[in-house]
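Student: Starting off with a structure, shown below.
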Protein chains: 2
Amino acid sequence: MEKQNLALMELGRLMREIFRGFKKRIGEQNQEDIKITAEQFHLLNAINLKQEEVIQKDMAEIMGKDKSAILRLIDSLEEKELVRRAVDKNDRRKNYLMVTKTGERVLKQYQIIAFQMMEDIQQGLSVSDLNTFRRIIEHIKDNARKL
Amino acid sequence: MEKQNLALMELGRLMREIFRGFKKRIGEQNQEDIKITAEQFHLLNAINLKQEEVIQKDMAEIMGKDKSAILRLIDSLEEKELVRRAVDKNDRRKNYLMVTKTGERVLKQYQIIAFQMMEDIQQGLSVSDLNTFRRIIEHIKDNARKL
DNA sequence: AAAATTAGTTGCATATGTCAATTAATTATT
DNA sequence: AATAATTAATTGACATATGCAACTAATTTT
């Protein structure tokens with residue numbers, strides 16, 4: 001039991017380290033620029049990634065959170081003018097989520113940080129290792145989704 | 001840039017899925033028994049794992065959190081009588097953290113859940129895959145620490 | 001003895017998140 | 001067409017988590 005358990009713990013600790021590093025680098029960001037939290041970044045990124053139009057409900061599903069949590073995250077992003085809600089003309093219950101130009105710019109800055117972090121984190125790993133790692137992550141993710 | 005970036009995102013998402021699953025299973029726990037949150041479990045487990053005596057400061061370092069965050073987590077664990085603080089006789093600034101019998105019992109219950117989760121998550125992966133995965137995690141962890 | 005350091009504590013602010021109830025809009029049913 | 005059911009978003013109440021800065025008490029350094 002010990003080993004597997006440890007693996008889970010290690011993964012958690014690992015993520016905290018990475019998260020900590022990410023926050024630290026964000027903190028070192030240009031002061032005058034708009035700052036967002038990791039969760040805000042994550043949501044912004046997820047909206048941006050989607051090819052199709054998305055509404056709040058979709059994001060709640062994608063991010064595995066309550067719709068009210070998403071609503072408040074979007075509130076915070078809208079306040080910073082990184083995202084706007086646009087009502088669907090055909091179904092006025094729906095708000096399409098639109099990333100603003102500022103949103104794209106800020107997102108890009110954060111992506112650069114994330115990219116740099118990935119580079120640093122992957123230092124010293126072979127291409128084959130990385131491929132195996134990605135494959136396993138995908139596999140685990142599928143399993144985790146069913147939990 | 002895309003691929004590496006995705007790997008980071010995937011890892012984050014993966015952890016959230018696992019964490020979500022863990023919380024869900026915790027929620028399904030036996031009503032009459034003492035319930036703890038995921039963070040409480042994590043701290044309790046970390047204290048328990050340590051071979052040497054630990055004080056709050058140590059746990060803050062180990063868990064990568066502010067000492068006040070740890071303090072409050074310990075408050076909550078102490079309230080449930082899962083942990084006790086014992087003042088160091090030689091240095092009365094220090095509180096040694098002791099897991100109670102109840103703490104051990106509760107911890108064991110949650111470890112079983114965590115263990116079961118690990119089993120489910122690892123379904124379908126070969127032993128060699130798992131070993132590679134652990135090795136990479138270790139490597140990444142070393143890199144992450146330097147971030 | 002005074003100054004500096006250390007461990008723990010407290011107050012305050014913020015972020016995040018869930019659940020349940022409510023509102024408004026739309027769709028299905030009688 | 002009127003009523004009922006469903007859907008998306010919102011709000012309120014509440015719990016958890018976390019960091020920062022200021023403070024206290026104990027110990028160590030100067």
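Labels for the structure tokens follow display order: chains A, B, ..., residues from 1 in each chain, ligands from 1.
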Give me the chain D side of the contact with range 4-28 of chain C, cut-off 8 Å, one line per residue showing its nearest atom pair and distance in Å at one decimal, counting only C-alpha atoms (C1' of nucleotides), sorted by chain and residue number, as a tab-separated table.
Tutor:
residue	atom	partner	partner_atom	distance
D:DA5	C1'	C:DA28	C1'	7.2
D:DT6	C1'	C:DT27	C1'	7.4
D:DT7	C1'	C:DT26	C1'	7.6
D:DT10	C1'	C:DT23	C1'	7.6
D:DT11	C1'	C:DT22	C1'	7.7
D:DC23	C1'	C:DT10	C1'	7.9
D:DT24	C1'	C:DT9	C1'	7.8
D:DT27	C1'	C:DT6	C1'	7.6
D:DT28	C1'	C:DT5	C1'	7.2
D:DT29	C1'	C:DA4	C1'	7.0
Student: Identify every residue of chain A that has at least one atom within 10 Å of any atom of chain C, counting only C-alpha atoms (C1' of nucleotides), and report the result as a PyMOL selection string.
Tutor: chain A and resi 37+39+65-70+72-73+90-94
Student: Those same residues, written as a PDB file, in the first residue's frame with C-alpha atoms?
Tutor:
ATOM      1  CA  THR A  37      -4.900  34.230  -9.988  1.00  0.00           C
ATOM      2  CA  GLU A  39      -7.775  29.817 -11.221  1.00  0.00           C
ATOM      3  CA  LYS A  65     -16.899  23.044 -10.704  1.00  0.00           C
ATOM      4  CA  ASP A  66     -20.225  24.350  -9.543  1.00  0.00           C
ATOM      5  CA  LYS A  67     -21.841  26.852 -11.864  1.00  0.00           C
ATOM      6  CA  SER A  68     -21.792  29.483  -9.144  1.00  0.00           C
ATOM      7  CA  ALA A  69     -18.044  29.079  -8.736  1.00  0.00           C
ATOM      8  CA  ILE A  70     -17.645  29.685 -12.456  1.00  0.00           C
ATOM      9  CA  ARG A  72     -17.904  34.308  -9.694  1.00  0.00           C
ATOM     10  CA  LEU A  73     -14.690  33.581 -11.503  1.00  0.00           C
ATOM     11  CA  ASN A  90     -31.932  33.277 -29.835  1.00  0.00           C
ATOM     12  CA  ASP A  91     -31.855  32.068 -26.261  1.00  0.00           C
ATOM     13  CA  ARG A  92     -31.529  34.902 -23.849  1.00  0.00           C
ATOM     14  CA  ARG A  93     -30.750  32.600 -20.936  1.00  0.00           C
ATOM     15  CA  LYS A  94     -27.319  31.972 -22.391  1.00  0.00           C
TER      16      LYS A  94
END
Student: Please report as a list of chain:residue names which residues of chain D come no farther than 7 Å from chain B, using only C-alpha atoms (C1' of nucleotides).
Tutor: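 For chain D, the answer reads D:DT18, D:DG19, D:DA26.
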Student: Choose the residue, out of B:Glu53, B:Glu17, B:Glu78, B:Asp58, that has the smallest atom-to-atom separation from chain A; count only C-alpha atoms.
Tutor: B:Glu17
Student: Dump as a PyMOL selection string the residues of chain A that approach chain B to within 6 Å, counting only C-alpha atoms.
Tutor: chain A and resi 5+14+17-18+21+115+121+140-141+143-144+147
Student: Mind checking DSSP for range 79-122 of chain B and telling me the helix (DSSP H, G or I) residues as an NGL selection string?
Tutor: :B and (79 or 101-122)
Student: To test your reading of the structure, identify every residue in chain A that backbone DSSP assigns to strand (DSSP E), and report it as a list in words.
Tutor: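 The strand (DSSP E) residues within chain A come out as Val83, Arg84, Arg85, Ala86, Val87, Asn95, Tyr96, Leu97, Met98 and Val99 of chain A.
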